[in-house]
$ cat work01.csv   # CSV, C-alpha atoms
chain,number,residue,atom,x,y,z
Z,57,MET,CA,3.3,77.7,64.1
Z,58,VAL,CA,-0.5,77.4,63.9
Z,59,SER,CA,-1.2,80.8,65.3
Z,60,SER,CA,0.8,82.5,62.6
Z,61,GLN,CA,-0.9,80.6,59.9
Z,62,LEU,CA,-4.3,81.4,61.3
Z,63,GLN,CA,-3.4,85.1,61.4
Z,64,LEU,CA,-2.4,84.9,57.7
Z,65,HIS,CA,-5.6,83.1,56.9
Z,66,HIS,CA,-7.6,85.8,58.7
Z,67,TYR,CA,-5.8,88.5,56.7
Z,68,ALA,CA,-6.4,86.7,53.4
Z,69,THR,CA,-10.1,85.9,53.9
Z,70,GLY,CA,-11.2,88.7,56.3
Z,71,ARG,CA,-13.0,86.1,58.4
Z,72,GLU,CA,-12.3,84.4,61.7
Z,73,SER,CA,-10.8,80.9,61.4
Z,74,ARG,CA,-13.0,77.9,62.2
Z,75,VAL,CA,-11.9,75.2,64.7
Z,76,ILE,CA,-11.8,72.7,61.9
Z,77,THR,CA,-9.2,74.8,60.2
Z,78,VAL,CA,-7.0,74.6,63.3
Z,79,LEU,CA,-7.6,70.8,63.4
Z,80,THR,CA,-6.6,70.4,59.8
Z,81,LEU,CA,-3.3,72.4,60.2
Z,82,LEU,CA,-2.3,70.4,63.3
Z,83,LYS,CA,-3.1,67.0,62.0
Z,84,SER,CA,-1.4,67.7,58.7
Z,85,HIS,CA,1.8,68.8,60.4
Z,86,LEU,CA,1.8,65.8,62.7
Z,87,PHE,CA,1.1,63.4,59.9
Z,88,SER,CA,3.9,64.7,57.8
Z,89,TYR,CA,6.3,63.7,60.6
Z,90,GLN,CA,4.7,60.2,61.0
Z,91,GLY,CA,4.6,60.4,64.8
Z,92,TYR,CA,8.2,61.6,65.4
Z,93,VAL,CA,7.0,64.9,66.9
Z,94,SER,CA,5.3,62.9,69.7
Z,95,ALA,CA,2.7,65.5,70.4
Z,96,ALA,CA,-0.7,64.3,71.6
Z,97,LEU,CA,-3.2,67.2,71.7
Z,98,VAL,CA,-6.7,68.1,72.9
Z,99,LEU,CA,-8.2,70.9,70.8
Z,100,GLY,CA,-11.3,72.8,71.9
Z,101,GLY,CA,-12.9,75.9,70.6
Z,102,VAL,CA,-16.0,77.9,69.7
Z,103,ASP,CA,-16.9,79.3,66.3
Z,104,PHE,CA,-20.0,80.3,64.4
Z,105,THR,CA,-20.9,76.6,63.9
Z,106,GLY,CA,-20.9,75.9,67.7
Z,107,THR,CA,-18.6,74.2,70.2
Z,108,HIS,CA,-16.0,71.7,69.2
Z,109,LEU,CA,-13.7,69.2,71.0
Z,110,HIS,CA,-11.1,67.1,69.2
Z,111,THR,CA,-8.2,64.9,70.1
Z,112,ILE,CA,-5.2,64.7,67.8
Z,113,TYR,CA,-2.8,61.8,68.1
Z,114,PRO,CA,1.0,62.0,67.3
Z,115,HIS,CA,0.6,60.3,63.9
Z,116,GLY,CA,-2.1,62.7,62.8
Z,117,SER,CA,-5.4,60.8,63.4
Z,118,THR,CA,-8.2,62.6,65.1
Z,119,ASP,CA,-11.4,62.0,67.1
Z,120,THR,CA,-14.4,64.3,67.7
Z,121,LEU,CA,-16.0,63.5,71.1
Z,122,PRO,CA,-18.2,65.2,73.7
Z,123,PHE,CA,-15.4,64.6,76.3
Z,124,ALA,CA,-11.8,63.6,75.7
Z,125,THR,CA,-8.7,62.5,77.5
Z,126,ILE,CA,-5.3,61.8,76.1
Z,127,GLY,CA,-1.9,60.9,77.5
Z,128,SER,CA,-0.4,58.5,79.9
Z,129,GLY,CA,-3.1,59.1,82.6
Z,130,SER,CA,-6.0,59.1,80.2
Z,131,LEU,CA,-7.4,55.7,81.1
Z,132,ALA,CA,-8.1,56.6,84.7
Z,133,ALA,CA,-9.4,60.0,83.7
Z,134,MET,CA,-11.7,58.6,81.0
Z,135,ALA,CA,-13.3,56.3,83.6
Z,136,ILE,CA,-14.5,59.3,85.6
Z,137,PHE,CA,-15.8,61.0,82.5
Z,138,GLU,CA,-17.7,58.0,81.4
Z,139,SER,CA,-19.4,57.5,84.8
Z,140,LYS,CA,-20.2,61.1,85.6
Z,141,TYR,CA,-20.5,63.2,82.4
Z,142,SER,CA,-23.9,64.3,81.3
Z,143,GLU,CA,-25.3,66.9,78.8
Z,144,GLY,CA,-26.2,70.4,80.0
Z,145,LEU,CA,-23.6,70.8,82.7
Z,146,THR,CA,-23.2,74.3,84.1
Z,147,ARG,CA,-19.9,76.1,84.1
Z,148,ASP,CA,-19.2,75.3,87.8
Z,149,GLU,CA,-20.3,71.7,87.4
Z,150,GLY,CA,-18.0,71.3,84.3
Z,151,ILE,CA,-15.0,72.8,86.2
Z,152,LYS,CA,-15.7,70.5,89.1
Z,153,LEU,CA,-15.9,67.4,86.9
Z,154,VAL,CA,-12.8,68.3,84.9
Z,155,SER,CA,-10.8,68.9,88.1
Z,156,GLU,CA,-11.8,65.5,89.4
Z,157,VAL,CA,-10.9,63.9,86.1
Z,158,ILE,CA,-7.4,65.5,86.1
Z,159,CYS,CA,-6.9,64.5,89.8
Z,160,PHE,CA,-7.6,60.8,88.9
Z,161,GLY,CA,-5.0,61.1,86.1
Z,162,ILE,CA,-2.5,62.6,88.5
Z,163,PHE,CA,-2.9,60.0,91.2
Z,164,ASN,CA,-2.9,57.0,88.9
Z,165,ASP,CA,0.0,58.0,86.7
Z,166,LEU,CA,3.5,59.1,87.7
Z,167,GLY,CA,3.9,61.3,84.5
Z,168,SER,CA,0.8,63.4,84.8
Z,169,GLY,CA,2.1,66.3,86.9
Z,170,SER,CA,0.8,67.5,90.3
Z,171,ASP,CA,-1.4,70.6,89.7
Z,172,VAL,CA,-4.8,71.1,88.2
Z,173,ASP,CA,-5.1,73.8,85.5
Z,174,VAL,CA,-8.5,74.5,83.9
Z,175,CYS,CA,-9.2,76.3,80.6
Z,176,VAL,CA,-12.8,77.6,80.1
Z,177,ILE,CA,-13.5,78.5,76.5
Z,178,THR,CA,-16.6,80.5,75.6
Z,179,LYS,CA,-17.5,82.5,72.5
Z,180,GLY,CA,-15.1,85.4,72.3
Z,181,ARG,CA,-13.3,84.6,75.6
Z,182,THR,CA,-10.8,82.2,77.0
Z,183,GLU,CA,-10.2,82.0,80.7
Z,184,TYR,CA,-7.2,80.2,82.3
Z,185,LEU,CA,-7.5,79.0,85.8
Z,186,ARG,CA,-3.9,78.3,86.7
Z,187,ASN,CA,-3.3,76.1,89.8
Z,188,HIS,CA,-7.1,75.8,90.3
Z,189,GLN,CA,-6.3,72.9,92.6
Z,190,LEU,CA,-3.1,71.7,94.2
Z,191,PRO,CA,-3.7,68.1,95.1
Z,192,ASN,CA,0.0,67.4,95.7
Z,193,PRO,CA,1.5,70.2,97.7
Z,194,GLN,CA,5.1,70.2,98.8
Z,195,THR,CA,4.9,68.9,102.4
Z,196,TYR,CA,8.6,69.5,103.4
Z,197,VAL,CA,10.8,72.5,102.8
Z,198,SER,CA,14.2,72.7,104.3
Z,199,SER,CA,14.6,75.5,106.8
Z,200,ARG,CA,18.1,76.2,105.3
Z,201,GLY,CA,16.8,76.4,101.8
Z,202,TYR,CA,18.3,74.8,98.7
Z,203,SER,CA,21.4,76.3,97.2
Z,204,SER,CA,24.5,75.2,95.4
Z,205,THR,CA,27.6,77.4,95.1
Z,206,LYS,CA,29.5,77.8,91.9
Z,207,GLY,CA,31.9,74.9,91.3
Z,208,GLN,CA,30.2,72.6,93.8
Z,209,THR,CA,28.9,70.2,91.2
Z,210,GLY,CA,31.4,67.5,90.4
Z,211,MET,CA,32.5,66.8,86.9
Z,212,LEU,CA,33.8,63.7,85.1
Z,213,PRO,CA,37.5,63.5,84.4
Z,214,PRO,CA,38.5,64.1,80.7
Z,215,PHE,CA,38.3,61.1,78.4
Z,216,THR,CA,41.5,59.6,77.1
Z,217,LEU,CA,42.1,60.6,73.4
Z,218,GLN,CA,42.7,57.9,70.9
Z,219,SER,CA,46.2,57.4,69.5
Z,220,LYS,CA,47.3,58.5,66.0
Z,221,GLU,CA,47.0,54.9,64.8
Z,222,THR,CA,43.4,54.5,66.0
Z,223,GLN,CA,42.4,57.8,64.4
Z,224,ALA,CA,43.0,56.6,60.9
Z,225,LEU,CA,39.6,56.9,59.2
Z,226,ALA,CA,38.5,54.9,56.3
Z,227,ARG,CA,35.5,56.0,54.3
Z,228,HIS,CA,32.8,53.4,53.8
Z,229,CYS,CA,30.8,52.6,50.7
Z,230,THR,CA,27.5,53.0,52.6
Z,231,THR,CA,26.1,55.9,54.7
Z,232,GLY,CA,25.5,56.0,58.4
Z,233,ILE,CA,28.5,53.8,59.4
Z,234,GLU,CA,32.0,55.1,60.2
Z,235,LEU,CA,35.0,52.8,60.3
Z,236,ARG,CA,38.1,53.5,62.4
Z,237,ILE,CA,40.9,51.1,61.7
Z,238,SER,CA,44.1,50.3,63.5
Z,239,ALA,CA,46.6,47.5,63.2
Z,240,GLU,CA,44.9,45.3,65.8
Z,241,ARG,CA,41.2,46.2,65.9
Z,242,LEU,CA,38.2,47.6,64.1
Z,243,ILE,CA,35.9,50.1,65.7
Z,244,LEU,CA,32.4,50.4,64.1
Z,245,LEU,CA,30.7,53.6,65.1
Z,246,ASP,CA,26.9,53.7,64.5
Z,247,THR,CA,24.3,54.2,67.3
Z,248,GLN,CA,26.8,52.7,69.8
Z,249,VAL,CA,30.4,51.7,69.7
Z,250,MET,CA,31.2,48.0,69.1
Z,251,ILE,CA,34.8,46.8,69.2
Z,252,VAL,CA,35.7,43.6,67.2
Z,253,GLU,CA,39.1,42.0,67.3
Z,254,ILE,CA,40.3,41.2,63.8
Z,255,SER,CA,43.5,39.9,62.2
Z,256,PRO,CA,45.9,42.1,60.2
Z,257,LEU,CA,44.9,40.2,57.0
Z,258,LEU,CA,41.4,41.5,57.4
Z,259,VAL,CA,42.6,45.0,57.9
Z,260,ASN,CA,44.5,44.8,54.6
Z,261,ASP,CA,41.4,43.5,52.8
Z,262,LEU,CA,39.4,46.5,54.2
Z,263,TYR,CA,41.9,49.0,52.9
Z,264,PHE,CA,41.8,47.2,49.5
Z,265,LEU,CA,38.0,47.4,49.4
Z,266,GLU,CA,38.1,51.1,50.3
Z,267,GLU,CA,40.4,51.8,47.4
Z,268,LEU,CA,37.9,50.1,45.1
Z,269,CYS,CA,35.0,52.1,46.4
Z,270,THR,CA,36.9,55.4,45.9

$ encode --input "work01.csv" --output "structure tokens"
Amino acid sequence: MVSSQLQLHHYATGRESRVITVLTLLKSHLFSYQGYVSAALVLGGVDFTGTHLHTIYPHGSTDTLPFATIGSGSLAAMAIFESKYSEGLTRDEGIKLVSEVICFGIFNDLGSGSDVDVCVITKGRTEYLRNHQLPNPQTYVSSRGYSSTKGQTGMLPPFTLQSKETQALARHCTTGIELRISAERLILLDTQVMIVEISPLLVNDLYFLEELCT
């Protein structure tokens, strides 16, 4: 999404996009969904104004910091940054520190993966160090391997269909709720099914209300 818009921006202006442009596009997109995209991002880059590092939260707010962590393992990772970060780190020192930070996030959070990937961004170049460290290698592999033949996985039996009486649908005056009415019960379908025992008199009243709504 963002890469295509940046390319169009480059064609229209004839200039390379700034990091702040990427930040504005990302946070505007996330803000328009009010957090429902659930994407928490760390944005880094280099342009003619210098180096930049930003965090973007799912609801669209941003931070600009010299070092940043985000996600479920960010608290443990931030503790290492705050205790060991300093200005003027060399490339190797920065990679070593970031690797240690990621490892602390991995070992103190069950949702932070198992491998260390590092991205080194310099002016005009981006270098990806995939599997730079493997702190949690697989320690056991079956000698027979892992395989499953076709049809081996069990399946649930087919569900029983409703009778003709219970399939009588009555349109409701509001949206988001569907009524299924039979002679002895009312089934309200919303986010989950709820069955309520009712009397035949109430069923007649519901049909009467439905006729008034239509």

$ closest_residue --input "work01.csv" --among "Z:Ser139, Z:Ser60, Z:Ser170, Z:Thr178" --to "Gln194 in chain Z" --atoms "all atoms listed in the file"
Z:Ser170

$ atom_distance --input "work01.csv" --atom1 "CA of Ala95 in chain Z" --atom2 "CA of Gly127 in chain Z"
9.6 Å

$ atom_distance --input "work01.csv" --atom1 "CA of Ile177 in chain Z" --atom2 "CA of Gly101 in chain Z"
6.5 Å

$ atom_distance --input "work01.csv" --atom1 "CA of Leu97 in chain Z" --atom2 "CA of Ile112 in chain Z"
5.0 Å

$ closest_residue --input "work01.csv" --among "Z:Ala135, Z:Cys159, Z:Met57, Z:Leu62" --to "Val172 in chain Z" --atoms "only C-alpha atoms"
Z:Cys159

$ closest_residue --input "work01.csv" --among "Z:Ser199, Z:Thr107, Z:Ser73, Z:Gly129" --to "Gly161 in chain Z" --atoms "only C-alpha atoms"
Z:Gly129

$ residues_around --input "work01.csv" --residues "Lys152 in chain Z" --least-positions-apart "3" --cutoff "12 Å" --atoms "all atoms listed in the file" --output "list in words"
Ile136, Phe137, Lys140, Tyr141, Leu145, Thr146, Arg147, Asp148, Glu149, Ser155, Glu156, Val157, Ile158, Cys159, Val172, Asp173, Val174, Val176, His188 and Gln189 of chain Z

$ write_last_selection --input "work01.csv" --atoms "C-alpha atoms" --output "PDB file, in the coordinates of the input"
ATOM      1  CA  ILE Z 136     -14.500  59.300  85.600  1.00  0.00           C
ATOM      2  CA  PHE Z 137     -15.800  61.000  82.500  1.00  0.00           C
ATOM      3  CA  LYS Z 140     -20.200  61.100  85.600  1.00  0.00           C
ATOM      4  CA  TYR Z 141     -20.500  63.200  82.400  1.00  0.00           C
ATOM      5  CA  LEU Z 145     -23.600  70.800  82.700  1.00  0.00           C
ATOM      6  CA  THR Z 146     -23.200  74.300  84.100  1.00  0.00           C
ATOM      7  CA  ARG Z 147     -19.900  76.100  84.100  1.00  0.00           C
ATOM      8  CA  ASP Z 148     -19.200  75.300  87.800  1.00  0.00           C
ATOM      9  CA  GLU Z 149     -20.300  71.700  87.400  1.00  0.00           C
ATOM     10  CA  SER Z 155     -10.800  68.900  88.100  1.00  0.00           C
ATOM     11  CA  GLU Z 156     -11.800  65.500  89.400  1.00  0.00           C
ATOM     12  CA  VAL Z 157     -10.900  63.900  86.100  1.00  0.00           C
ATOM     13  CA  ILE Z 158      -7.400  65.500  86.100  1.00  0.00           C
ATOM     14  CA  CYS Z 159      -6.900  64.500  89.800  1.00  0.00           C
ATOM     15  CA  VAL Z 172      -4.800  71.100  88.200  1.00  0.00           C
ATOM     16  CA  ASP Z 173      -5.100  73.800  85.500  1.00  0.00           C
ATOM     17  CA  VAL Z 174      -8.500  74.500  83.900  1.00  0.00           C
ATOM     18  CA  VAL Z 176     -12.800  77.600  80.100  1.00  0.00           C
ATOM     19  CA  HIS Z 188      -7.100  75.800  90.300  1.00  0.00           C
ATOM     20  CA  GLN Z 189      -6.300  72.900  92.600  1.00  0.00           C
TER      21      GLN Z 189
END

$ closest_residue --input "work01.csv" --among "Z:Leu81, Z:Val102, Z:Val75, Z:Leu86" --to "Thr182 in chain Z" --atoms "all atoms listed in the file"
Z:Val102

$ residues_around --input "work01.csv" --residues "Gly116 in chain Z" --least-positions-apart "4" --cutoff "12 Å" --atoms "only C-alpha atoms" --output "list in words"
Leu79, Thr80, Leu81, Leu82, Lys83, Ser84, His85, Leu86, Phe87, Ser88, Tyr89, Gln90, Gly91, Tyr92, Val93, Ser94, Ala95, Ala96, Leu97, His110, Thr111 and Ile112 of chain Z

$ closest_residue --input "work01.csv" --among "Z:Thr69, Z:Gln61, Z:Ser198, Z:Asn164" --to "Met134 in chain Z" --atoms "all atoms listed in the file"
Z:Asn164

$ closest_residue --input "work01.csv" --among "Z:Thr105, Z:Ser168, Z:Thr77, Z:Thr118" --to "Ala133 in chain Z" --atoms "all atoms listed in the file"
Z:Ser168
